[in-house]
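With PDB, C-alpha atoms and all ligand atoms inside, this is input_27.pdb:
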ATOM      1  CA  MET A  21      19.632  33.850 -12.195
ATOM      2  CA  ASN A  22      21.917  31.187 -10.748
ATOM      3  CA  CYS A  23      22.577  27.597 -11.869
ATOM      4  CA  GLU A  24      20.021  26.121  -9.438
ATOM      5  CA  ASP A  25      17.249  28.342 -10.780
ATOM      6  CA  VAL A  26      18.169  27.352 -14.322
ATOM      7  CA  GLU A  27      18.197  23.683 -13.332
ATOM      8  CA  LEU A  28      14.627  23.995 -12.027
ATOM      9  CA  GLU A  29      13.551  25.721 -15.227
ATOM     10  CA  LEU A  30      15.240  23.124 -17.403
ATOM     11  CA  SER A  31      13.169  20.433 -15.713
ATOM     12  CA  GLY A  32       9.999  22.018 -17.101
ATOM     13  CA  ASN A  33       8.818  22.401 -20.630
ATOM     14  CA  GLU A  34       9.877  25.872 -21.722
ATOM     15  CA  PRO A  35      12.833  27.605 -20.056
ATOM     16  CA  SER A  36      12.573  31.400 -19.927
ATOM     17  CA  VAL A  37      14.686  33.648 -22.157
ATOM     18  CA  GLU A  38      16.757  34.539 -19.102
ATOM     19  CA  ALA A  39      17.441  30.866 -18.401
ATOM     20  CA  ARG A  40      18.404  30.249 -22.026
ATOM     21  CA  VAL A  41      20.840  33.158 -21.974
ATOM     22  CA  HIS A  42      22.459  31.713 -18.832
ATOM     23  CA  LEU A  43      22.547  28.251 -20.391
ATOM     24  CA  ALA A  44      24.381  29.487 -23.481
ATOM     25  CA  GLY A  45      27.304  30.642 -21.359
ATOM     26  CA  CYS A  46      27.364  28.021 -18.532
ATOM     27  CA  VAL A  47      29.033  24.620 -18.983
ATOM     28  CA  SER A  48      27.538  23.202 -15.788
ATOM     29  CA  CYS A  49      23.996  24.047 -16.871
ATOM     30  CA  GLN A  50      24.695  22.605 -20.332
ATOM     31  CA  GLU A  51      25.666  19.345 -18.607
ATOM     32  CA  THR A  52      22.456  19.477 -16.582
ATOM     33  CA  SER A  53      20.444  20.048 -19.735
ATOM     34  CA  LYS A  54      22.104  17.071 -21.431
ATOM     35  CA  LEU A  55      21.563  14.854 -18.391
ATOM     36  CA  LEU A  56      17.874  15.737 -18.136
ATOM     37  CA  GLY A  57      17.490  14.950 -21.825
ATOM     38  CA  LEU A  58      19.095  11.533 -21.324
ATOM     39  CA  ALA A  59      17.060  10.751 -18.215
ATOM     40  CA  ALA A  60      13.723  11.678 -19.756
ATOM     41  CA  LEU A  61      11.659   8.860 -21.230
ATOM     42  CA  PRO A  62      11.036   8.819 -24.985
ATOM     43  CA  PRO A  63       7.595   9.919 -26.217
ATOM     44  CA  LEU A  64       4.781   7.383 -25.896
ATOM     45  CA  THR A  65       4.884   4.714 -28.580
ATOM     46  CA  GLN A  66       1.972   3.753 -30.795
ATOM     47  CA  THR A  67       1.438   0.622 -28.683
ATOM     48  CA  GLU A  68       1.378   2.665 -25.485
ATOM     49  CA  ARG A  69      -1.153   5.075 -27.006
ATOM     50  CA  MET A  70      -3.384   2.139 -27.885
ATOM     51  CA  VAL A  71      -3.072   0.754 -24.354
ATOM     52  CA  LEU A  72      -4.026   4.171 -22.958
ATOM     53  CA  ASN A  73      -7.095   4.345 -25.183
ATOM     54  CA  GLY A  74      -8.489   1.138 -23.746
ATOM     55  CA  LEU A  75      -7.522   1.863 -20.169
ATOM     56  CA  ALA A  76     -10.656   3.572 -18.849
ATOM     57  CA  PRO A  77     -13.200   0.893 -19.889
ATOM     58  CA  SER A  78     -10.977  -2.024 -18.837
ATOM     59  CA  THR A  79     -10.237  -0.437 -15.443
ATOM     60  CA  GLN A  80     -13.940   0.269 -14.887
ATOM     61  CA  GLN A  81     -14.670  -3.355 -15.711
ATOM     62  CA  LEU A  82     -12.050  -4.518 -13.194
ATOM     63  CA  TRP A  83     -13.497  -2.216 -10.551
ATOM     64  CA  ARG A  84     -17.008  -3.524 -11.127
ATOM     65  CA  ALA A  85     -15.772  -7.137 -11.004
ATOM     66  CA  GLN A  86     -13.889  -6.421  -7.802
ATOM     67  CA  ARG A  87     -16.957  -4.824  -6.216
ATOM     68  CA  THR A  88     -19.224  -7.656  -7.312
ATOM     69  CA  ARG A  89     -16.757 -10.160  -5.892
ATOM     70  CA  GLY A  90     -16.535  -8.124  -2.698
ATOM     71  CA  ALA A  91     -20.327  -7.845  -2.463
ATOM     72  CA  GLY A  92     -20.609 -11.577  -3.152
ATOM     73  CA  LEU A  93     -18.163 -12.332  -0.371
ATOM     74  CA  ARG A  94     -19.989  -9.959   1.985
ATOM     75  CA  ARG A  95     -23.329 -11.524   1.041
ATOM     76  CA  GLY A  96     -21.871 -15.006   1.541
ATOM     77  CA  ALA A  97     -20.476 -14.010   4.905
ATOM     78  CA  SER A  98     -23.788 -12.496   6.008
ATOM     79  CA  LEU A  99     -25.636 -15.601   4.814
ATOM     80  CA  LEU A 100     -23.279 -17.754   6.848
ATOM     81  CA  MET A 101     -23.735 -15.450   9.811
ATOM     82  CA  ALA A 102     -27.503 -15.567   9.363
ATOM     83  CA  ALA A 103     -27.373 -19.349   9.083
ATOM     84  CA  GLY A 104     -25.280 -19.563  12.244
ATOM     85  CA  LEU A 105     -27.567 -17.178  14.060
ATOM     86  CA  GLY A 106     -30.596 -19.080  12.816
ATOM     87  CA  ALA A 107     -29.162 -22.341  14.100
ATOM     88  CA  LEU A 108     -28.476 -20.698  17.444
ATOM     89  CA  ILE A 109     -32.015 -19.305  17.728
ATOM     90  CA  ALA A 110     -33.509 -22.587  16.568
ATOM     91  CA  SER A 111     -31.581 -24.550  19.147
ATOM     92  CA  ALA A 112     -32.705 -22.091  21.832
ATOM     93  CA  LEU A 113     -36.322 -22.440  20.744
ATOM     94  CA  ILE A 114     -36.234 -26.178  20.397
ATOM     95  CA  LYS A 115     -34.580 -26.903  23.730
ATOM     96  CA  PRO A 116     -37.566 -26.132  26.066
ATOM     97  CA  ALA A 117     -39.822 -28.225  23.893
ATOM     98  CA  THR A 118     -37.588 -31.253  24.283
ATOM     99  CA  VAL A 119     -39.264 -33.941  26.380
ATOM    100  CA  ILE A 120     -37.100 -34.526  29.363
ATOM    101  CA  SER A 121     -37.357 -38.172  30.300
ATOM    102  CA  GLU A 122     -37.948 -38.810  33.941
ATOM    103  CA  PRO A 123     -34.989 -40.255  35.800
ATOM    104  CA  LEU A 124     -35.243 -43.907  36.432
ATOM    105  CA  VAL A 125     -36.066 -44.467  40.077
ATOM    106  CA  ARG A 126     -35.637 -47.893  41.553
ATOM    107  CA  THR A 127     -36.810 -48.900  44.990
ATOM    108  CA  VAL A 128     -34.296 -51.020  46.799
ATOM    109  CA  MET A 129     -35.000 -52.762  50.058
ATOM    110  CA  VAL A 130     -32.343 -51.962  52.599
ATOM    111  CA  THR A 131     -32.089 -53.607  56.039
ATOM    112  CA  ALA A 132     -31.194 -51.235  58.856
ATOM    113  CA  PRO A 133     -27.766 -51.868  60.415
ATOM    114  CA  GLU A 134     -27.751 -53.212  63.918
ATOM    115  CA  ILE A 135     -26.955 -50.572  66.577
ATOM    116  CA  PRO A 136     -24.899 -51.932  69.447
ATOM    117  CA  VAL A 137     -26.349 -51.276  72.880
ATOM    118  CA  LEU A 138     -23.814 -49.425  75.051
ATOM    119  CA  ASP A 139     -23.868 -49.715  78.826
ATOM    120  CA  PHE A 140     -22.951 -46.175  79.942
ATOM    121  CA  GLU A 141     -23.399 -46.880  83.659
ATOM    122  CA  GLU A 142     -20.676 -49.514  83.542
ATOM    123  CA  ALA A 143     -18.313 -47.249  81.665
ATOM    124  CA  ASN A 144     -18.277 -44.869  84.671
ATOM    125  CA  LEU A 145     -16.895 -41.909  82.757
ATOM    126  CA  SER A 146     -17.085 -38.345  83.956
ATOM    127  CA  ASP A 147     -16.899 -35.200  81.725
ATOM    128  CA  ASP A 148     -13.654 -34.242  83.435
ATOM    129  CA  GLU A 149     -11.927 -37.380  82.403
ATOM    130  CA  VAL A 150     -12.871 -36.814  78.815
ATOM    131  CA  PHE A 151     -11.378 -33.321  78.908
ATOM    132  CA  PHE A 152      -8.196 -34.551  80.518
ATOM    133  CA  GLU A 153      -7.774 -37.186  77.901
ATOM    134  CA  VAL A 154      -7.627 -34.688  75.076
ATOM    135  CA  GLY A 155      -5.405 -32.362  77.057
ATOM    136  CA  TRP A 156      -7.819 -29.501  77.539
ATOM    137  CA  PRO A 157      -8.018 -27.861  80.954
ATOM    138  CA  SER A 158     -10.921 -29.036  82.996
ATOM    139  CA  PRO A 159     -13.763 -26.523  83.293
ATOM    140  CA  THR A 160     -13.526 -27.082  87.018
ATOM    141  CA  GLU A 161      -9.806 -26.271  87.156
ATOM    142  CA  GLY A 162      -8.833 -22.632  86.796
ATOM    143  CA  ASP A 163      -9.862 -20.231  84.050
ATOM    144  CA  LEU A 164     -10.435 -21.185  80.512
TER     145      LEU A 164
ATOM    146  CA  MET B  16     -15.582  12.764  -6.695
ATOM    147  CA  ARG B  17     -19.092  13.535  -5.364
ATOM    148  CA  ALA B  18     -20.583  11.509  -8.216
ATOM    149  CA  PHE B  19     -18.044   8.765  -7.482
ATOM    150  CA  SER B  20     -19.173   8.666  -3.855
ATOM    151  CA  ALA B  21     -22.737   8.225  -5.076
ATOM    152  CA  GLY B  22     -21.549   5.186  -7.025
ATOM    153  CA  ASP B  23     -21.909   6.862 -10.412
ATOM    154  CA  SER B  24     -20.207   4.579 -12.908
ATOM    155  CA  ALA B  25     -19.568   7.387 -15.404
ATOM    156  CA  ALA B  26     -17.646   9.252 -12.697
ATOM    157  CA  PHE B  27     -15.129   6.391 -12.510
ATOM    158  CA  GLY B  28     -14.518   6.648 -16.210
ATOM    159  CA  LEU B  29     -14.111  10.388 -15.997
ATOM    160  CA  LEU B  30     -11.598  10.147 -13.145
ATOM    161  CA  ILE B  31      -9.602   7.521 -15.017
ATOM    162  CA  LYS B  32      -9.602   9.492 -18.264
ATOM    163  CA  ARG B  33      -8.552  12.657 -16.478
ATOM    164  CA  HIS B  34      -5.495  11.131 -14.785
ATOM    165  CA  GLN B  35      -4.624   8.013 -16.790
ATOM    166  CA  GLU B  36      -1.884   9.523 -18.925
ATOM    167  CA  THR B  37      -0.088  11.084 -15.942
ATOM    168  CA  VAL B  38      -0.247   7.816 -14.013
ATOM    169  CA  PHE B  39       0.838   5.828 -17.066
ATOM    170  CA  ARG B  40       3.808   8.141 -17.639
ATOM    171  CA  VAL B  41       4.885   7.621 -14.018
ATOM    172  CA  VAL B  42       4.699   3.830 -14.039
ATOM    173  CA  ARG B  43       6.183   3.219 -17.496
ATOM    174  CA  ARG B  44       9.653   3.997 -16.139
ATOM    175  CA  TYR B  45       9.306   0.912 -13.921
ATOM    176  CA  ALA B  46       7.588  -1.360 -16.427
ATOM    177  CA  ARG B  47       9.223  -3.625 -18.993
ATOM    178  CA  SER B  48       6.398  -3.404 -21.494
ATOM    179  CA  ALA B  49       3.281  -1.437 -22.356
ATOM    180  CA  ASP B  50       1.179  -4.272 -20.893
ATOM    181  CA  GLU B  51       3.034  -4.086 -17.590
ATOM    182  CA  ALA B  52       2.585  -0.322 -17.537
ATOM    183  CA  ARG B  53      -1.151  -0.811 -18.146
ATOM    184  CA  ASP B  54      -1.407  -3.353 -15.296
ATOM    185  CA  LEU B  55       0.399  -1.019 -12.911
ATOM    186  CA  THR B  56      -1.821   1.903 -13.958
ATOM    187  CA  GLN B  57      -4.969  -0.151 -13.403
ATOM    188  CA  ARG B  58      -3.776  -1.322 -10.001
ATOM    189  CA  ALA B  59      -3.004   2.269  -9.018
ATOM    190  CA  PHE B  60      -6.545   3.343  -9.933
ATOM    191  CA  LEU B  61      -8.201   0.410  -8.170
ATOM    192  CA  GLN B  62      -6.237   1.057  -4.988
ATOM    193  CA  ALA B  63      -7.007   4.777  -5.167
ATOM    194  CA  PHE B  64     -10.734   4.042  -5.631
ATOM    195  CA  GLU B  65     -10.662   1.738  -2.613
ATOM    196  CA  ALA B  66      -8.904   4.403  -0.545
ATOM    197  CA  ALA B  67     -11.414   7.012  -1.724
ATOM    198  CA  GLU B  68     -14.352   4.778  -0.800
ATOM    199  CA  ARG B  69     -12.955   4.175   2.665
ATOM    200  CA  ALA B  70     -12.224   7.855   3.250
ATOM    201  CA  MET B  71     -15.498   9.101   1.771
ATOM    202  CA  PRO B  72     -17.622   9.263   4.954
ATOM    203  CA  LYS B  73     -14.941  11.207   6.793
ATOM    204  CA  LEU B  74     -14.211  13.496   3.860
ATOM    205  CA  ALA B  75     -17.915  14.126   3.280
ATOM    206  CA  ALA B  76     -18.312  15.060   6.941
ATOM    207  CA  ASP B  77     -15.343  17.450   6.788
ATOM    208  CA  GLU B  78     -16.488  18.729   3.374
ATOM    209  CA  GLU B  79     -12.892  18.591   2.171
ATOM    210  CA  PRO B  80     -12.105  18.043  -1.498
ATOM    211  CA  VAL B  81     -10.808  14.537  -2.186
ATOM    212  CA  PRO B  82      -7.132  14.672  -3.263
ATOM    213  CA  PHE B  83      -7.668  11.843  -5.743
ATOM    214  CA  LYS B  84      -4.861  12.795  -8.136
ATOM    215  CA  ALA B  85      -2.317  12.955  -5.314
ATOM    216  CA  TRP B  86      -3.493   9.569  -4.027
ATOM    217  CA  VAL B  87      -3.354   7.793  -7.341
ATOM    218  CA  LEU B  88       0.085   9.234  -8.157
ATOM    219  CA  ARG B  89       1.529   8.350  -4.775
ATOM    220  CA  ILE B  90       0.159   4.818  -5.157
ATOM    221  CA  ALA B  91       1.590   4.653  -8.699
ATOM    222  CA  VAL B  92       5.072   5.666  -7.516
ATOM    223  CA  ASN B  93       4.967   3.046  -4.745
ATOM    224  CA  LEU B  94       3.656   0.338  -7.040
ATOM    225  CA  GLY B  95       6.403   1.110  -9.558
ATOM    226  CA  LYS B  96       9.080   0.934  -6.891
ATOM    227  CA  ASN B  97       7.716  -2.349  -5.494
ATOM    228  CA  HIS B  98       7.389  -3.750  -8.989
ATOM    229  CA  VAL B  99      11.094  -3.219  -9.661
ATOM    230  CA  ARG B 100      11.984  -4.633  -6.251
ATOM    231  CA  ASP B 101       9.798  -7.714  -6.713
ATOM    232  CA  SER B 102      10.964  -8.444 -10.244
ATOM    233  CA  SER B 103      14.115 -10.412  -9.629
ATOM    234  CA  ARG B 104      14.342 -11.114 -13.335
ATOM    235  CA  TRP B 105      14.317  -7.374 -13.965
ATOM    236  CA  VAL B 106      17.431  -6.989 -16.071
ATOM    237  CA  MET B 107      16.568  -4.723 -18.960
ATOM    238  CA  THR B 108      15.464  -1.239 -17.952
ATOM    239  CA  SER B 109      11.871  -0.475 -18.824
ATOM    240  CA  VAL B 110      12.962   2.201 -21.188
ATOM    241  CA  ALA B 111      15.139  -0.189 -23.078
ATOM    242  CA  ALA B 112      11.954  -2.197 -23.556
ATOM    243  CA  VAL B 113      10.134   0.880 -24.796
ATOM    244  CA  ASP B 114      12.973   1.595 -27.193
ATOM    245  CA  ALA B 115      12.926  -2.012 -28.359
ATOM    246  CA  GLU B 116       9.426  -1.412 -29.694
ATOM    247  CA  ARG B 117      10.718   1.135 -32.150
ATOM    248  CA  PRO B 118      11.531  -0.042 -35.682
ATOM    249  CA  SER B 119      15.216  -0.849 -35.885
ATOM    250  CA  LEU B 120      16.725   1.317 -38.578
ATOM    251  CA  PRO B 121      20.420   1.648 -39.275
ATOM    252  CA  VAL B 122      21.706   4.200 -36.763
ATOM    253  CA  PRO B 123      24.953   6.148 -36.797
ATOM    254  CA  GLN B 124      27.601   5.460 -34.146
ATOM    255  CA  GLU B 125      26.907   8.744 -32.378
ATOM    256  CA  ALA B 126      23.230   7.867 -31.959
ATOM    257  CA  LEU B 127      24.192   4.450 -30.579
ATOM    258  CA  GLU B 128      26.449   6.043 -28.011
ATOM    259  CA  GLN B 129      23.711   8.452 -27.059
ATOM    260  CA  ALA B 130      21.257   5.548 -26.651
ATOM    261  CA  GLU B 131      23.771   3.761 -24.450
ATOM    262  CA  GLN B 132      24.219   6.857 -22.303
ATOM    263  CA  ALA B 133      20.462   7.288 -22.059
ATOM    264  CA  ALA B 134      20.096   3.699 -20.855
ATOM    265  CA  LEU B 135      22.795   4.262 -18.222
ATOM    266  CA  THR B 136      21.158   7.474 -17.041
ATOM    267  CA  ARG B 137      17.692   5.941 -16.815
ATOM    268  CA  ARG B 138      19.068   3.019 -14.855
ATOM    269  CA  ALA B 139      20.750   5.496 -12.516
ATOM    270  CA  VAL B 140      17.374   7.225 -12.000
ATOM    271  CA  LEU B 141      15.930   3.958 -10.701
ATOM    272  CA  GLU B 142      18.787   3.670  -8.258
ATOM    273  CA  LEU B 143      18.332   7.119  -6.742
ATOM    274  CA  PRO B 144      17.349   7.302  -3.055
ATOM    275  CA  SER B 145      13.541   6.958  -2.738
ATOM    276  CA  ARG B 146      12.575  10.572  -2.128
ATOM    277  CA  GLN B 147      14.917  11.908  -4.833
ATOM    278  CA  ARG B 148      13.567   9.368  -7.310
ATOM    279  CA  GLU B 149       9.951  10.165  -6.437
ATOM    280  CA  VAL B 150      10.483  13.904  -6.891
ATOM    281  CA  PHE B 151      12.546  13.422 -10.045
ATOM    282  CA  THR B 152      10.043  11.133 -11.775
ATOM    283  CA  LEU B 153       6.973  13.138 -10.776
ATOM    284  CA  ARG B 154       8.663  16.218 -12.212
ATOM    285  CA  ILE B 155      10.281  14.740 -15.336
ATOM    286  CA  ASP B 156       7.914  11.883 -16.250
ATOM    287  CA  ALA B 157       4.574  13.226 -15.007
ATOM    288  CA  GLY B 158       5.527  16.847 -15.702
ATOM    289  CA  LEU B 159       4.017  18.092 -12.443
ATOM    290  CA  PRO B 160       4.859  21.598 -11.223
ATOM    291  CA  PHE B 161       7.032  21.525  -8.077
ATOM    292  CA  ALA B 162       4.093  22.689  -5.932
ATOM    293  CA  GLU B 163       2.105  19.642  -7.047
ATOM    294  CA  VAL B 164       5.068  17.291  -6.644
ATOM    295  CA  ALA B 165       5.299  18.584  -3.080
ATOM    296  CA  SER B 166       1.598  18.167  -2.281
ATOM    297  CA  THR B 167       1.563  14.690  -3.819
ATOM    298  CA  LEU B 168       4.414  13.567  -1.585
ATOM    299  CA  GLY B 169       3.321  15.579   1.446
ATOM    300  CA  ILE B 170       6.475  17.702   1.578
ATOM    301  CA  THR B 171       7.150  21.415   1.103
ATOM    302  CA  GLU B 172       7.861  22.912  -2.302
ATOM    303  CA  GLY B 173      11.327  23.983  -1.146
ATOM    304  CA  ASN B 174      11.991  20.457   0.006
ATOM    305  CA  ALA B 175      10.873  19.055  -3.350
ATOM    306  CA  LYS B 176      13.233  21.436  -5.185
ATOM    307  CA  ALA B 177      16.114  20.495  -2.886
ATOM    308  CA  HIS B 178      15.485  16.786  -3.533
ATOM    309  CA  PHE B 179      15.420  17.486  -7.265
ATOM    310  CA  HIS B 180      18.753  19.317  -7.077
ATOM    311  CA  HIS B 181      20.340  16.449  -5.133
ATOM    312  CA  ALA B 182      18.951  13.965  -7.640
ATOM    313  CA  VAL B 183      20.498  15.835 -10.575
ATOM    314  CA  LYS B 184      23.819  16.126  -8.753
ATOM    315  CA  ARG B 185      23.853  12.444  -7.938
ATOM    316  CA  LEU B 186      22.854  11.445 -11.468
ATOM    317  CA  LYS B 187      25.702  13.503 -12.917
ATOM    318  CA  GLU B 188      28.152  11.734 -10.614
ATOM    319  CA  GLU B 189      26.724   8.291 -11.333
ATOM    320  CA  VAL B 190      26.664   8.778 -15.077
ATOM    321  CA  ALA B 191      30.237  10.122 -15.038
ATOM    322  CA  LYS B 192      31.277   7.024 -13.067
ATOM    323  CA  LEU B 193      29.426   4.619 -15.347
ATOM    324  CA  SER B 194      30.586   6.255 -18.583
ATOM    325  CA  THR B 195      34.231   6.093 -17.539
ATOM    326  CA  PRO B 196      35.871   2.939 -18.956
ATOM    327  CA  GLY B 197      36.174   0.493 -16.072
ATOM    328  CA  GLY B 198      33.691   2.525 -14.017
ATOM    329  CA  ALA B 199      30.710   0.373 -14.825
ATOM    330  CA  PRO B 200      29.853  -2.389 -12.333
TER     331      PRO B 200
HETATM  332 ZN    ZN A 301      24.661  27.600 -14.762
END
As structure tokens, please, write out the structure in this file.
Amino acid sequence: MNCEDVELELSGNEPSVEARVHLAGCVSCQETSKLLGLAALPPLTQTERMVLNGLAPSTQQLWRAQRTRGAGLRRGASLLMAAGLGALIASALIKPATVISEPLVRTVMVTAPEIPVLDFEEANLSDDEVFFEVGWPSPTEGDL
Amino acid sequence: MRAFSAGDSAAFGLLIKRHQETVFRVVRRYARSADEARDLTQRAFLQAFEAAERAMPKLAADEEPVPFKAWVLRIAVNLGKNHVRDSSRWVMTSVAAVDAERPSLPVPQEALEQAEQAALTRRAVLELPSRQREVFTLRIDAGLPFAEVASTLGITEGNAKAHFHHAVKRLKEEVAKLSTPGGAP
């Protein structure tokens, strides 16, 4: 049995006879034993025992309160959702029933604008001239 | 846990009673008073119940046993660690607070020195690297076998033992440093 094995045993409750024999003759393991003793917490106090006795019921109570609060919040949220959804459905149902007022139509008398009379014979314009003016080749001149 | 999943109130009580002392022993190292230790224990259980509720459909489908004890202990260790970190006013070690509850009788010099050394050592435990501290406290405070320490932390048993060995080595060094006159910070 080496020091590391003894160290592991010392961390538990009851070291084996073999470990105790090693401990009696090993300074390093005696130091380990002392250190573990110093690091360990003292036994539970009376106050701590009393706290432990009341722990289960008080924790159950907290859990129930937390669940009720959670359920309340969920119920509230679903109510809000339902209310929102209800409003949405209601608005959809109400809309077609809404009386749509007819648009106001007014009759206005308009006088027709005067169209100037053009004398095309006097203008003496040919199609070719028009084409030349805009720079396009004349349909009578070469290929398009 | 099956009864718990069915919402059986008595099952909550049973789960708490079964594990409360182990959880309490883990968190009291980080707490300044019995009341603080109780609050931390309760929070650990509530968080573990929440986790169990969330995981229940999946676990029920896989028909795997619910590792409730491992959950609540892992949560307890984390809560303890965060509690120390968050308590900026945290001056006195929890254990000093526990000791303060004891009736003060006249004590010989040797016992005083031993108490001082114990306080130094316990403070050094809190300053161990996370994994070493977790393994050390689950073994020493909760009294878990190494196999259970390992499964709680999701590491191998060999790994847990190695962390424990390193923790002891480091504690010896720290305590030697702190006990040397002029070695304390
Ligand atoms: Zn040895």
Expected selection as a list in words for ligand ZN 301 (chain A) within 10 Å, all atoms listed in the file: Met21, Asn22, Cys23, Glu24, Asp25, Val26, Glu27, Ala39, Arg40, Val41, His42, Leu43, Ala44, Gly45, Cys46, Val47, Ser48, Cys49, Gln50, Glu51, Thr52 and Ser53 of chain A
Could you please take those selected residues and save C-alpha atoms as a PDB file, keeping the file's coordinate frame?
ATOM      1  CA  MET A  21      19.632  33.850 -12.195  1.00  0.00           C
ATOM      2  CA  ASN A  22      21.917  31.187 -10.748  1.00  0.00           C
ATOM      3  CA  CYS A  23      22.577  27.597 -11.869  1.00  0.00           C
ATOM      4  CA  GLU A  24      20.021  26.121  -9.438  1.00  0.00           C
ATOM      5  CA  ASP A  25      17.249  28.342 -10.780  1.00  0.00           C
ATOM      6  CA  VAL A  26      18.169  27.352 -14.322  1.00  0.00           C
ATOM      7  CA  GLU A  27      18.197  23.683 -13.332  1.00  0.00           C
ATOM      8  CA  ALA A  39      17.441  30.866 -18.401  1.00  0.00           C
ATOM      9  CA  ARG A  40      18.404  30.249 -22.026  1.00  0.00           C
ATOM     10  CA  VAL A  41      20.840  33.158 -21.974  1.00  0.00           C
ATOM     11  CA  HIS A  42      22.459  31.713 -18.832  1.00  0.00           C
ATOM     12  CA  LEU A  43      22.547  28.251 -20.391  1.00  0.00           C
ATOM     13  CA  ALA A  44      24.381  29.487 -23.481  1.00  0.00           C
ATOM     14  CA  GLY A  45      27.304  30.642 -21.359  1.00  0.00           C
ATOM     15  CA  CYS A  46      27.364  28.021 -18.532  1.00  0.00           C
ATOM     16  CA  VAL A  47      29.033  24.620 -18.983  1.00  0.00           C
ATOM     17  CA  SER A  48      27.538  23.202 -15.788  1.00  0.00           C
ATOM     18  CA  CYS A  49      23.996  24.047 -16.871  1.00  0.00           C
ATOM     19  CA  GLN A  50      24.695  22.605 -20.332  1.00  0.00           C
ATOM     20  CA  GLU A  51      25.666  19.345 -18.607  1.00  0.00           C
ATOM     21  CA  THR A  52      22.456  19.477 -16.582  1.00  0.00           C
ATOM     22  CA  SER A  53      20.444  20.048 -19.735  1.00  0.00           C
TER      23      SER A  53
END
May I have a table of the residues of chain B lying at most 9 Å from chain A, giving each one's closest pair of atoms and their distance in Å to one decimal, counting all atoms listed in the file, ordered by chain and ascending residue number, as a Markdown table?
| residue | atom | partner | partner_atom | distance |
| --- | --- | --- | --- | --- |
| B:Ser24 | CA | A:Gln80 | CA | 7.9 |
| B:Phe27 | CA | A:Gln80 | CA | 6.7 |
| B:Gly28 | CA | A:Ala76 | CA | 5.6 |
| B:Leu29 | CA | A:Ala76 | CA | 8.2 |
| B:Leu30 | CA | A:Ala76 | CA | 8.8 |
| B:Ile31 | CA | A:Ala76 | CA | 5.6 |
| B:Lys32 | CA | A:Ala76 | CA | 6.0 |
| B:Gln35 | CA | A:Leu72 | CA | 7.3 |
| B:Glu36 | CA | A:Leu72 | CA | 7.0 |
| B:Phe39 | CA | A:Leu72 | CA | 7.8 |
| B:Arg40 | CA | A:Leu64 | CA | 8.3 |
| B:Arg43 | CA | A:Leu61 | CA | 8.7 |
| B:Arg44 | CA | A:Leu61 | CA | 7.3 |
| B:Ser48 | CA | A:Glu68 | CA | 8.8 |
| B:Ala49 | CA | A:Glu68 | CA | 5.5 |
| B:Asp50 | CA | A:Val71 | CA | 7.4 |
| B:Ala52 | CA | A:Glu68 | CA | 8.6 |
| B:Arg53 | CA | A:Val71 | CA | 6.7 |
| B:Thr56 | CA | A:Leu75 | CA | 8.4 |
| B:Gln57 | CA | A:Thr79 | CA | 5.7 |
| B:Arg58 | CA | A:Thr79 | CA | 8.5 |
| B:Phe60 | CA | A:Thr79 | CA | 7.6 |
| B:Leu61 | CA | A:Trp83 | CA | 6.4 |
| B:Phe64 | CA | A:Trp83 | CA | 8.4 |
| B:Val110 | CA | A:Leu61 | CA | 6.8 |
| B:Val113 | CA | A:Thr65 | CA | 7.5 |
| B:Asp114 | CA | A:Pro62 | CA | 7.8 |
| B:Glu116 | CA | A:Thr65 | CA | 7.7 |
| B:Arg117 | CA | A:Thr65 | CA | 7.7 |
| B:Gln129 | CA | A:Leu58 | CA | 8.0 |
| B:Ala130 | CA | A:Leu58 | CA | 8.3 |
| B:Gln132 | CA | A:Leu58 | CA | 7.0 |
| B:Ala133 | CA | A:Leu58 | CA | 4.5 |
| B:Ala134 | CA | A:Leu58 | CA | 7.9 |
| B:Leu135 | CA | A:Ala59 | CA | 8.7 |
| B:Thr136 | CA | A:Ala59 | CA | 5.4 |
| B:Arg137 | CA | A:Ala59 | CA | 5.0 |
| B:Arg138 | CA | A:Ala59 | CA | 8.7 |
| B:Ala139 | CA | A:Ala59 | CA | 8.6 |
| B:Val140 | CA | A:Ala59 | CA | 7.2 |
| B:Thr152 | CA | A:Ala60 | CA | 8.8 |
| B:Arg154 | CA | A:Ser31 | CA | 7.1 |
| B:Ile155 | CA | A:Ala60 | CA | 6.4 |
| B:Asp156 | CA | A:Ala60 | CA | 6.8 |
| B:Gly158 | CA | A:Gly32 | CA | 7.0 |
| B:Leu159 | CA | A:Gly32 | CA | 8.5 |
| B:Pro160 | CA | A:Gly32 | CA | 7.8 |
| B:Phe161 | CA | A:Leu28 | CA | 8.9 |
| B:Lys176 | CA | A:Leu28 | CA | 7.4 |
| B:Phe179 | CA | A:Leu28 | CA | 8.1 |
| B:His180 | CA | A:Glu24 | CA | 7.3 |
| B:Val183 | CA | A:Thr52 | CA | 7.3 |
| B:Lys184 | CA | A:Thr52 | CA | 8.6 |
| B:Leu186 | CA | A:Leu55 | CA | 7.8 |
| B:Lys187 | CA | A:Leu55 | CA | 7.0 |
| B:Val190 | CA | A:Leu55 | CA | 8.6 |
Please identify all polymer residues within 12 Å of region 90-95 of chain B, counting all atoms listed in the file, omitting same-chain residues fewer than 4 positions from it, and present them as a count of residues only. 54
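Between CA of Ala26 (chain B) and CA of Met71 (chain B) the separation is 14.6 Å.
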Which distance in Å separates CA of Arg33 (chain B) and CA of Lys96 (chain B), to one decimal?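 Rounded to one decimal, the two atoms are 23.2 Å apart.
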So the first atom is CA of Ala126 (chain B) and the second is CA of Ala191 (chain B); what is the distance between them in Å, to one decimal place? 18.5 Å
Centre and edges of the region 177-183 of chain B box, axis-aligned, 8 Å extra per side, as AutoDock Vina command-line options:
--center_x 18.0 --center_y 17.2 --center_z -6.7 --size_x 21.1 --size_y 22.5 --size_z 23.7
